[in-house]
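**Q** Here you go, one structure.
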Number of protein chains: 2
Amino acid sequence: MVHRLDDRYRAYIACLNRKDWIGLTDHVADDVRYNDELVGLTGYRNMLVADHDAIPDLSFDIELLMYDDTHVASRLRFDCTPKATFLGLDVNGRRISFTENVFYRFDGDRIKAVWSIIDKAAIEAQLEQA
Amino acid sequence: MVHRLDDRYRAYIACLNRKDWIGLTDHVADDVRYNDELVGLTGYRNMLVADHDAIPDLSFDIELLMYDDTHVASRLRFDCTPKATFLGLDVNGRRISFTENVFYRFDGDRIKAVWSIIDKAAIEAQLEQA
């Protein structure tokens, strides 16, 4: 049975938010590409684990969601406290808020490709004000 | 008559690429918001003119486009040569390639709100290699 991709996507985000790294297999293809690089499920999982290690209060919040039969587009909001550096910036335990605009291509129920951009400039602006 | 938003969006991008700053009135609402700030049509036009001044070979290329009845999501590709600084980075006439992931909310045929993120980290990586 084929599910609507908005439902599939919300289930994927819920999986991330409960740090269910085993369940990720249901949502991400073995040969997933991230920003045009073949990282595979293992590389993708390692990236997420590293993000959660660096940001203990990391949580994914969907602000805007679009979908069709093959793709999802999402604007994600993060309010969190990276322990040290994040994207090369010295955050060092300050609380920051930023967004990510991201596209996903699905193959059936699983994510096959991700094109993500995080708003690094917004974080830089917050760190300059602090 | 209401048009499909993918057609409306492609017409908007064509308007930008021919630098038709008067025609922009047909595509952008008077009270448009850019990244949650009320910039208005005049502020939006000024921003685009400034971008084209800073980047004489600026051209918008749609890599991925999604739409529904009220929103468009687009991944744009830029291959261009900023004359001096861009996003605070000293590009100084080097050729760079980067993407923008951007959402638009339409009110009828015109863009009412834009949520844009440009991949600044990708530009930084290219400048470090140069």
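Every chain in the structure tokens takes a letter, A first, then B, and so on in the order presented; its residues are numbered from 1, and the ligands are numbered from 1 following the presented order.
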Arg95 of chain A: which residues within 8 Å, counting only C-alpha atoms, same-chain residues fewer than 2 positions away excluded, as a list in words?

**A** Asp79, Cys80, Thr81, Pro82, Gly93 and Ser97 of chain A

**Q** For the residues selected in the previous step, produce a file with N, CA and C atoms as a short mmCIF file (atom, residue, chain, number, x, y, z; two decimals), in the first residue's frame.

**A**
data_model
loop_
_atom_site.label_atom_id
_atom_site.label_comp_id
_atom_site.auth_asym_id
_atom_site.auth_seq_id
_atom_site.Cartn_x
_atom_site.Cartn_y
_atom_site.Cartn_z
N ASP A 79 14.89 25.32 17.67
CA ASP A 79 15.24 26.16 18.82
C ASP A 79 16.06 25.26 19.73
N CYS A 80 17.36 25.51 19.82
CA CYS A 80 18.19 24.52 20.47
C CYS A 80 19.50 25.13 20.97
N THR A 81 20.30 24.31 21.60
CA THR A 81 21.47 24.77 22.34
C THR A 81 22.68 23.89 22.01
N PRO A 82 23.34 24.12 20.87
CA PRO A 82 24.54 23.33 20.56
C PRO A 82 25.60 23.51 21.64
N GLY A 93 26.94 26.56 23.72
CA GLY A 93 25.89 26.49 24.72
C GLY A 93 24.90 27.64 24.72
N SER A 97 17.96 29.99 17.37
CA SER A 97 16.77 29.62 16.60
C SER A 97 17.10 29.78 15.13
#

**Q** DSSP on the backbone: which residues in chain A end up as strand (DSSP E or B)? Give the answer as a VMD selection string.

**A** chain A and resid 28 to 34 37 to 38 61 to 67 71 to 80 85 to 86 89 to 90 96 to 107 110 to 118

**Q** Determine, for each residue of chain A having at least one atom at most 8 Å from an atom of chain B, the closest pair of atoms and their separation in Å to one decimal, counting only C-alpha atoms; order by chain and ascending number, as a tab-separated table.

**A**
residue	atom	partner	partner_atom	distance
A:Met66	CA	B:Tyr67	CA	7.6
A:Tyr67	CA	B:Met66	CA	7.6
A:Asp68	CA	B:Met66	CA	7.6
A:Ala73	CA	B:Ala73	CA	6.7
A:Glu100	CA	B:Ile117	CA	7.6
A:Asn101	CA	B:Asn101	CA	5.7
A:Val102	CA	B:Asn101	CA	6.9
A:Ser116	CA	B:Asn101	CA	7.7
A:Ile117	CA	B:Asp119	CA	5.7
A:Ile118	CA	B:Ile117	CA	7.0
A:Asp119	CA	B:Ile117	CA	5.7
A:Lys120	CA	B:Lys120	CA	7.0
A:Ala121	CA	B:Lys120	CA	7.3

**Q** Generate a file of the selected residues that holds C-alpha atoms, formatted as a compact mmCIF listing (two decimals), in the first residue's frame.

**A**
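out-v9.txt, freshly written:
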# COMPACT_ATOMS: atom_id res chain seq x y z
CA MET A 66 4.27 20.57 0.76
CA TYR A 67 4.08 17.25 -1.03
CA ASP A 68 3.16 15.56 -4.26
CA ALA A 73 9.33 20.18 0.62
CA GLU A 100 16.14 24.66 7.32
CA ASN A 101 14.49 24.59 3.88
CA VAL A 102 14.72 21.05 2.56
CA SER A 116 18.95 20.69 2.47
CA ILE A 117 19.99 24.25 3.23
CA ILE A 118 20.33 25.47 6.83
CA ASP A 119 20.12 29.21 7.51
CA LYS A 120 23.69 29.69 8.71
CA ALA A 121 23.51 33.47 8.22

**Q** Just checking: using only C-alpha atoms, which residue out of B:Asn92, B:Thr70, B:Asn46, B:Ser59 ends up closest to Ile22 of chain B?

**A** B:Asn46

**Q** With a distance cut-off of 8 Å and only C-alpha atoms, select the neighbouring residues of Arg33 of chain B, excluding the residue or stretch itself and same-chain residues fewer than 3 positions from it, and output the selection as a PyMOL selection string.

**A** chain B and resi 36-40+112-114

**Q** Which value, in Å to one decimal, gives the distance between atom CA of Thr42 of chain A and atom CA of Tyr12 of chain A?

**A**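 Computing it gives 16.0 Å between the two atoms.
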
**Q** Pick out the closest residue to His3 of chain B from this set: B:Ala54, B:Asn35, B:Val91, B:Gly108. Count only C-alpha atoms.

**A**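 Nearest to His3 of chain B: B:Gly108.
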
**Q** Got a sec to tell me which of segment 7-82 of chain B DSSP assigns to helix (DSSP H, G or I), as an NGL selection string?

**A** :B and (7-17 or 23-26 or 40-54)

**Q** Measure the distance from atom CA of Gln129 of chain A to atom CA of Leu48 of chain B in Å and round it to one decimal.

**A**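 Here the two named atoms are 26.6 Å from each other.
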
**Q** Using only C-alpha atoms, find the one residue out of A:Leu5, A:Asn17, A:Glu124, A:Arg105 that sits nearest to Leu58 of chain A.

**A**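 Among A:Leu5, A:Asn17, A:Glu124, A:Arg105, it is A:Asn17 that comes nearest to Leu58 of chain A.
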
**Q** Lay chain B over chain A using all C-alpha atoms, matched one to one in order, with a least-squares fit; then write it out as a PDB file with C-alpha atoms, in the first residue's frame.

**A**
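Saved the output as superposed11.pdb:
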ATOM      1  CA  MET B   1       0.077  -0.019   0.041  1.00  0.00           C
ATOM      2  CA  VAL B   2       1.310   3.414  -0.892  1.00  0.00           C
ATOM      3  CA  HIS B   3       0.858   6.135   1.707  1.00  0.00           C
ATOM      4  CA  ARG B   4       0.487   9.850   1.235  1.00  0.00           C
ATOM      5  CA  LEU B   5       3.914  11.438   1.466  1.00  0.00           C
ATOM      6  CA  ASP B   6       2.885  14.040   4.040  1.00  0.00           C
ATOM      7  CA  ASP B   7       1.956  11.179   6.383  1.00  0.00           C
ATOM      8  CA  ARG B   8       5.184   9.362   5.556  1.00  0.00           C
ATOM      9  CA  TYR B   9       7.181  12.525   6.188  1.00  0.00           C
ATOM     10  CA  ARG B  10       5.537  13.248   9.546  1.00  0.00           C
ATOM     11  CA  ALA B  11       6.313   9.656  10.583  1.00  0.00           C
ATOM     12  CA  TYR B  12       9.963  10.202   9.567  1.00  0.00           C
ATOM     13  CA  ILE B  13      10.199  13.396  11.633  1.00  0.00           C
ATOM     14  CA  ALA B  14       8.605  11.638  14.625  1.00  0.00           C
ATOM     15  CA  CYS B  15      11.241   8.896  14.217  1.00  0.00           C
ATOM     16  CA  LEU B  16      14.016  11.521  14.361  1.00  0.00           C
ATOM     17  CA  ASN B  17      12.485  13.238  17.382  1.00  0.00           C
ATOM     18  CA  ARG B  18      12.389  10.011  19.381  1.00  0.00           C
ATOM     19  CA  LYS B  19      15.976   9.231  18.256  1.00  0.00           C
ATOM     20  CA  ASP B  20      14.818   5.892  16.823  1.00  0.00           C
ATOM     21  CA  TRP B  21      17.955   5.109  14.826  1.00  0.00           C
ATOM     22  CA  ILE B  22      16.811   1.534  14.126  1.00  0.00           C
ATOM     23  CA  GLY B  23      13.400   2.668  12.877  1.00  0.00           C
ATOM     24  CA  LEU B  24      15.175   4.978  10.427  1.00  0.00           C
ATOM     25  CA  THR B  25      15.440   1.923   8.134  1.00  0.00           C
ATOM     26  CA  ASP B  26      11.707   2.261   7.419  1.00  0.00           C
ATOM     27  CA  HIS B  27      12.076   5.857   6.254  1.00  0.00           C
ATOM     28  CA  VAL B  28      15.422   6.180   4.484  1.00  0.00           C
ATOM     29  CA  ALA B  29      16.656   4.169   1.485  1.00  0.00           C
ATOM     30  CA  ASP B  30      19.899   2.185   1.725  1.00  0.00           C
ATOM     31  CA  ASP B  31      21.439   4.265  -1.065  1.00  0.00           C
ATOM     32  CA  VAL B  32      20.166   7.676   0.041  1.00  0.00           C
ATOM     33  CA  ARG B  33      21.873  10.793  -1.330  1.00  0.00           C
ATOM     34  CA  TYR B  34      22.356  13.932   0.769  1.00  0.00           C
ATOM     35  CA  ASN B  35      23.044  17.142  -1.161  1.00  0.00           C
ATOM     36  CA  ASP B  36      24.015  15.082  -4.219  1.00  0.00           C
ATOM     37  CA  GLU B  37      26.476  12.903  -2.269  1.00  0.00           C
ATOM     38  CA  LEU B  38      25.840   9.161  -1.889  1.00  0.00           C
ATOM     39  CA  VAL B  39      26.012   8.822   1.897  1.00  0.00           C
ATOM     40  CA  GLY B  40      23.852   5.695   2.257  1.00  0.00           C
ATOM     41  CA  LEU B  41      21.646   4.825   5.224  1.00  0.00           C
ATOM     42  CA  THR B  42      24.669   4.273   7.492  1.00  0.00           C
ATOM     43  CA  GLY B  43      26.228   7.616   6.630  1.00  0.00           C
ATOM     44  CA  TYR B  44      22.860   9.344   7.019  1.00  0.00           C
ATOM     45  CA  ARG B  45      22.286   7.727  10.421  1.00  0.00           C
ATOM     46  CA  ASN B  46      25.825   8.667  11.547  1.00  0.00           C
ATOM     47  CA  MET B  47      25.163  12.277  10.551  1.00  0.00           C
ATOM     48  CA  LEU B  48      21.951  12.386  12.601  1.00  0.00           C
ATOM     49  CA  VAL B  49      23.589  10.748  15.625  1.00  0.00           C
ATOM     50  CA  ALA B  50      26.448  13.264  15.450  1.00  0.00           C
ATOM     51  CA  ASP B  51      23.926  16.136  15.241  1.00  0.00           C
ATOM     52  CA  HIS B  52      22.111  14.867  18.338  1.00  0.00           C
ATOM     53  CA  ASP B  53      25.407  14.435  20.203  1.00  0.00           C
ATOM     54  CA  ALA B  54      26.416  18.004  19.367  1.00  0.00           C
ATOM     55  CA  ILE B  55      22.918  19.358  20.170  1.00  0.00           C
ATOM     56  CA  PRO B  56      21.389  17.400  23.083  1.00  0.00           C
ATOM     57  CA  ASP B  57      18.048  19.290  22.867  1.00  0.00           C
ATOM     58  CA  LEU B  58      17.739  18.943  19.074  1.00  0.00           C
ATOM     59  CA  SER B  59      14.111  18.686  17.948  1.00  0.00           C
ATOM     60  CA  PHE B  60      12.560  18.927  14.476  1.00  0.00           C
ATOM     61  CA  ASP B  61       9.504  21.181  14.140  1.00  0.00           C
ATOM     62  CA  ILE B  62       7.672  21.378  10.794  1.00  0.00           C
ATOM     63  CA  GLU B  63       6.654  24.972   9.975  1.00  0.00           C
ATOM     64  CA  LEU B  64       5.581  24.420   6.364  1.00  0.00           C
ATOM     65  CA  LEU B  65       5.030  21.197   4.427  1.00  0.00           C
ATOM     66  CA  MET B  66       4.263  20.574   0.755  1.00  0.00           C
ATOM     67  CA  TYR B  67       4.072  17.246  -1.034  1.00  0.00           C
ATOM     68  CA  ASP B  68       3.149  15.553  -4.267  1.00  0.00           C
ATOM     69  CA  ASP B  69       3.429  11.945  -5.436  1.00  0.00           C
ATOM     70  CA  THR B  70       7.234  11.814  -5.358  1.00  0.00           C
ATOM     71  CA  HIS B  71       8.583  14.804  -3.418  1.00  0.00           C
ATOM     72  CA  VAL B  72       8.230  16.604  -0.098  1.00  0.00           C
ATOM     73  CA  ALA B  73       9.326  20.176   0.619  1.00  0.00           C
ATOM     74  CA  SER B  74       9.572  21.242   4.229  1.00  0.00           C
ATOM     75  CA  ARG B  75      10.571  24.274   6.251  1.00  0.00           C
ATOM     76  CA  LEU B  76      11.873  23.107   9.621  1.00  0.00           C
ATOM     77  CA  ARG B  77      12.333  25.242  12.741  1.00  0.00           C
ATOM     78  CA  PHE B  78      14.962  24.554  15.385  1.00  0.00           C
ATOM     79  CA  ASP B  79      15.240  26.155  18.825  1.00  0.00           C
ATOM     80  CA  CYS B  80      18.200  24.518  20.473  1.00  0.00           C
ATOM     81  CA  THR B  81      21.481  24.769  22.342  1.00  0.00           C
ATOM     82  CA  PRO B  82      24.540  23.337  20.564  1.00  0.00           C
ATOM     83  CA  LYS B  83      27.205  22.431  23.128  1.00  0.00           C
ATOM     84  CA  ALA B  84      30.234  23.715  21.175  1.00  0.00           C
ATOM     85  CA  THR B  85      30.597  24.452  17.444  1.00  0.00           C
ATOM     86  CA  PHE B  86      27.793  24.058  14.906  1.00  0.00           C
ATOM     87  CA  LEU B  87      28.348  24.558  11.157  1.00  0.00           C
ATOM     88  CA  GLY B  88      31.794  25.841  12.101  1.00  0.00           C
ATOM     89  CA  LEU B  89      30.331  28.548  14.357  1.00  0.00           C
ATOM     90  CA  ASP B  90      31.253  28.845  18.047  1.00  0.00           C
ATOM     91  CA  VAL B  91      27.816  28.555  19.612  1.00  0.00           C
ATOM     92  CA  ASN B  92      29.150  27.190  22.925  1.00  0.00           C
ATOM     93  CA  GLY B  93      25.909  26.497  24.736  1.00  0.00           C
ATOM     94  CA  ARG B  94      24.003  29.589  23.636  1.00  0.00           C
ATOM     95  CA  ARG B  95      20.358  29.117  22.654  1.00  0.00           C
ATOM     96  CA  ILE B  96      19.761  29.720  18.937  1.00  0.00           C
ATOM     97  CA  SER B  97      16.770  29.618  16.616  1.00  0.00           C
ATOM     98  CA  PHE B  98      17.100  28.858  12.923  1.00  0.00           C
ATOM     99  CA  THR B  99      15.362  27.258   9.969  1.00  0.00           C
ATOM    100  CA  GLU B 100      16.131  24.661   7.327  1.00  0.00           C
ATOM    101  CA  ASN B 101      14.481  24.592   3.889  1.00  0.00           C
ATOM    102  CA  VAL B 102      14.703  21.058   2.569  1.00  0.00           C
ATOM    103  CA  PHE B 103      13.473  18.932  -0.335  1.00  0.00           C
ATOM    104  CA  TYR B 104      13.122  15.136  -0.327  1.00  0.00           C
ATOM    105  CA  ARG B 105      12.632  12.723  -3.207  1.00  0.00           C
ATOM    106  CA  PHE B 106      10.921   9.494  -2.189  1.00  0.00           C
ATOM    107  CA  ASP B 107      11.220   6.056  -3.726  1.00  0.00           C
ATOM    108  CA  GLY B 108       8.011   4.420  -2.556  1.00  0.00           C
ATOM    109  CA  ASP B 109       7.822   4.952   1.204  1.00  0.00           C
ATOM    110  CA  ARG B 110      11.477   5.801   1.706  1.00  0.00           C
ATOM    111  CA  ILE B 111      13.610   8.909   1.245  1.00  0.00           C
ATOM    112  CA  LYS B 112      16.005   8.505  -1.666  1.00  0.00           C
ATOM    113  CA  ALA B 113      17.495  12.000  -1.931  1.00  0.00           C
ATOM    114  CA  VAL B 114      17.686  15.097   0.281  1.00  0.00           C
ATOM    115  CA  TRP B 115      18.575  18.659  -0.715  1.00  0.00           C
ATOM    116  CA  SER B 116      18.941  20.680   2.466  1.00  0.00           C
ATOM    117  CA  ILE B 117      19.989  24.251   3.234  1.00  0.00           C
ATOM    118  CA  ILE B 118      20.319  25.464   6.834  1.00  0.00           C
ATOM    119  CA  ASP B 119      20.114  29.206   7.515  1.00  0.00           C
ATOM    120  CA  LYS B 120      23.689  29.691   8.720  1.00  0.00           C
ATOM    121  CA  ALA B 121      23.510  33.474   8.217  1.00  0.00           C
ATOM    122  CA  ALA B 122      20.645  33.668  10.742  1.00  0.00           C
ATOM    123  CA  ILE B 123      22.781  31.870  13.349  1.00  0.00           C
ATOM    124  CA  GLU B 124      25.727  34.183  12.648  1.00  0.00           C
ATOM    125  CA  ALA B 125      23.452  37.206  13.167  1.00  0.00           C
ATOM    126  CA  GLN B 126      22.281  35.840  16.542  1.00  0.00           C
ATOM    127  CA  LEU B 127      25.832  35.148  17.707  1.00  0.00           C
ATOM    128  CA  GLU B 128      26.902  38.680  16.759  1.00  0.00           C
ATOM    129  CA  GLN B 129      24.081  40.131  18.856  1.00  0.00           C
ATOM    130  CA  ALA B 130      24.862  37.949  21.885  1.00  0.00           C
TER     131      ALA B 130
END
